[in-house]
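These notes concern the structure reproduced below.
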Amino acid sequence: MLLLYYSLISIYYNPESKFSTSLIFRNIGRQLSYYTSSNSEKLPFEIILAFSKQLQHAPFRFSILFNHLEKWDLSYEDPLNPTSKTDPLTGEKTTKSEFSKFSDNLLRHTVFGVEFVPSKSFNLRLGYNYQRRQEMKIESSLSTVGFSWGFGIRVSKFYLSYARVIQHLAGSSNFFTISTDLNSF
């Protein structure tokens, strides 16, 4: 299978106000060759809008990311745990209100983050993904599914980062990153 795709990224940063925003169009393109002769599949196109603001006189940076802006309804109806439930005493079906459905959909598009940045050489990070929590939680044992945390340390010309993302009770992902500015050498 052969794919042709690219992403468009637009970034704005104002160093005086410590504010940044990004608009990303991911997976623009098409499939050039197919698994079967008549089956063309769509690429997972996505529009993302992100904002980040570092406070002027406090060591905190707040971020909010809106993902999948190309599609409003990101809800998932689990056939094993439907949202419309039947009351065992009356037999009446209970459903979510329109406001509850709207707010659930809005929150499924958002990822929240906060960083504690006491210096240029160290930071702590926390994040929360509502959609991941709603889709991967287990009612009997909620745990910290949907949350992520990490830290970064600058050592000489290198920046070392660690992050842990709690995807599900069955496992979490750990990320280690080493980065540097090649111009500094």
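Within each chain, counting starts at residue 1; across the structure tokens, chains are named A, B, ... in the order shown, with ligands numbered 1 upward in that order.
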Tell me, as a list of chain:residue names, which residues lie within 10 Å of A:Ile24, counting only C-alpha atoms; anything in the same chain fewer than 4 positions away does not count.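 So, after excluding close chain neighbours, the residues are A:Ser7, A:Leu8, A:Ile9, A:Ser10, A:Ile11, A:Glu46, A:Ile47, A:Ile48, A:Leu49, A:Ala50, A:Asn67.
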Could the residues in this selection be saved with C-alpha atoms as a PDB file, in the first residue's frame?
```
ATOM      1  CA  SER A   7       0.327  18.002   7.458  1.00  0.00           C
ATOM      2  CA  LEU A   8      -0.031  21.770   7.537  1.00  0.00           C
ATOM      3  CA  ILE A   9       1.035  23.547  10.715  1.00  0.00           C
ATOM      4  CA  SER A  10       0.606  27.219  11.530  1.00  0.00           C
ATOM      5  CA  ILE A  11       2.207  28.527  14.741  1.00  0.00           C
ATOM      6  CA  GLU A  46      -7.800  15.700  11.754  1.00  0.00           C
ATOM      7  CA  ILE A  47      -7.917  19.425  12.591  1.00  0.00           C
ATOM      8  CA  ILE A  48      -6.298  20.525  15.864  1.00  0.00           C
ATOM      9  CA  LEU A  49      -6.292  23.966  17.512  1.00  0.00           C
ATOM     10  CA  ALA A  50      -4.098  24.580  20.570  1.00  0.00           C
ATOM     11  CA  ASN A  67      -8.793  17.984  18.582  1.00  0.00           C
TER      12      ASN A  67
END
```
Name the residues of stretch 23-134 of chain A that fall into alpha helix (DSSP H) according to DSSP on the backbone, using the chain letters and numbers of this document, as a list in words. Glu98, Phe99, Ser100, Lys101, Phe102, Ser103, Asp104, Asn105, Leu106, Leu107, Arg108, Tyr130, Gln131, Arg132, Arg133 and Gln134 of chain A
If you run DSSP on the backbone, which residues of stretch 6-177 of chain A are strand (DSSP E), as JSON, numbers by chain? {"A": [6, 7, 8, 9, 10, 11, 12, 13, 14, 19, 20, 21, 22, 23, 24, 25, 26, 27, 28, 29, 30, 31, 46, 47, 48, 49, 50, 51, 52, 53, 54, 60, 61, 62, 63, 64, 65, 66, 85, 86, 93, 94, 110, 111, 112, 113, 114, 115, 116, 117, 118, 119, 122, 123, 124, 125, 126, 127, 128, 129, 147, 148, 149, 150, 151, 152, 153, 154, 155, 158, 159, 160, 161, 162, 163, 164, 165, 166, 167, 168, 171, 172, 173, 174, 175, 176, 177]}
Pick the closest to A:Phe66 from A:Asn27, A:Glu16, A:Asn129, A:Lys120: which is it, counting only C-alpha atoms? A:Asn129
I want to know what sits within 8 Å of A:Ser121, based on only C-alpha atoms, with residues of the same chain fewer than 2 positions away left out; could you give that as a list in words? Ser119, Asn123, Gly152, Ile153, Arg154 and Val155 of chain A
Rows by chain and residue number, stretch 76-156 of chain A within 12 Å of stretch 54-59 of chain A, shortest pair, only C-alpha atoms, as JSON lines:
```
{"residue": "A:Gly113", "atom": "CA", "partner": "A:Gln54", "partner_atom": "CA", "distance": 11.6}
{"residue": "A:Val114", "atom": "CA", "partner": "A:Gln54", "partner_atom": "CA", "distance": 9.5}
{"residue": "A:Glu115", "atom": "CA", "partner": "A:Pro59", "partner_atom": "CA", "distance": 8.2}
{"residue": "A:Phe116", "atom": "CA", "partner": "A:Pro59", "partner_atom": "CA", "distance": 5.8}
{"residue": "A:Val117", "atom": "CA", "partner": "A:Pro59", "partner_atom": "CA", "distance": 4.9}
{"residue": "A:Pro118", "atom": "CA", "partner": "A:Pro59", "partner_atom": "CA", "distance": 5.2}
{"residue": "A:Ser119", "atom": "CA", "partner": "A:Pro59", "partner_atom": "CA", "distance": 7.9}
{"residue": "A:Lys120", "atom": "CA", "partner": "A:Pro59", "partner_atom": "CA", "distance": 10.3}
{"residue": "A:Phe122", "atom": "CA", "partner": "A:Pro59", "partner_atom": "CA", "distance": 10.9}
{"residue": "A:Asn123", "atom": "CA", "partner": "A:Pro59", "partner_atom": "CA", "distance": 9.3}
{"residue": "A:Leu124", "atom": "CA", "partner": "A:Pro59", "partner_atom": "CA", "distance": 10.5}
{"residue": "A:Arg125", "atom": "CA", "partner": "A:Pro59", "partner_atom": "CA", "distance": 11.9}
```
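The gap separating atom CA of A:Val145 from atom CA of A:Arg132 is 7.4 Å, in Å to one decimal.
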I want to know what sits within 7 Å of A:Tyr12, based on only C-alpha atoms, with residues of the same chain fewer than 5 positions away left out; could you give that as a list in words?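 The filter keeps Ser20, Thr21 and Ser22 of chain A.
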Write out as a list in words the residues lying within 8 Å of A:Phe112, counting only C-alpha atoms and excluding same-chain residues fewer than 5 positions away.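 The residues that qualify are Phe62, Ser63, Ile64, Leu65, Gly127, Tyr128 and Asn129 of chain A.
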Create the file for the chosen residues now, containing N, CA, C and O atoms and written as a short mmCIF file (atom, residue, chain, number, x, y, z; two decimals), in the first residue's frame.
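Now in again00.cif:
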```cif
data_model
loop_
_atom_site.label_atom_id
_atom_site.label_comp_id
_atom_site.auth_asym_id
_atom_site.auth_seq_id
_atom_site.Cartn_x
_atom_site.Cartn_y
_atom_site.Cartn_z
N PHE A 62 -0.38 27.27 31.12
CA PHE A 62 -1.63 26.54 30.93
C PHE A 62 -1.84 26.30 29.44
O PHE A 62 -1.57 27.17 28.62
N SER A 63 -2.33 25.11 29.12
CA SER A 63 -2.55 24.76 27.71
C SER A 63 -3.91 24.11 27.56
O SER A 63 -4.38 23.41 28.46
N ILE A 64 -4.52 24.36 26.41
CA ILE A 64 -5.76 23.68 26.05
C ILE A 64 -5.66 23.33 24.57
O ILE A 64 -5.19 24.13 23.77
N LEU A 65 -6.06 22.13 24.24
CA LEU A 65 -5.98 21.64 22.87
C LEU A 65 -7.37 21.15 22.48
O LEU A 65 -8.01 20.44 23.25
N GLY A 127 -1.44 16.54 32.66
CA GLY A 127 -2.40 16.64 31.57
C GLY A 127 -3.62 15.79 31.84
O GLY A 127 -3.58 14.85 32.63
N TYR A 128 -4.73 16.15 31.18
CA TYR A 128 -5.98 15.40 31.32
C TYR A 128 -6.68 15.34 29.98
O TYR A 128 -6.91 16.35 29.33
N ASN A 129 -7.04 14.11 29.55
CA ASN A 129 -7.74 13.87 28.29
C ASN A 129 -9.10 13.25 28.62
O ASN A 129 -9.19 12.08 28.96
#
```
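Note that the spacing between atom CA of A:Ile138 and atom CA of A:Ser172 amounts to 14.8 Å.
Taking atom CA of A:Ile28 as the reference point, atom CA of A:Phe51 is found at 22.2 Å.
Among the candidates A:Gln167, A:Ser156, A:Asn14, A:Thr86, the one nearest to A:Thr180 when counting only C-alpha atoms is A:Ser156.
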Using only C-alpha atoms, determine which residues lie at most 9 Å from A:Leu43, disregarding the query and same-chain residues fewer than 6 positions distant; provide the list as a ChimeraX atom specification. /A:3,5,27-31
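Counting only C-alpha atoms, the residue from A:Arg108, A:Lys53, A:Lys93, A:Lys18 that sits nearest to A:Ser75 is A:Arg108.
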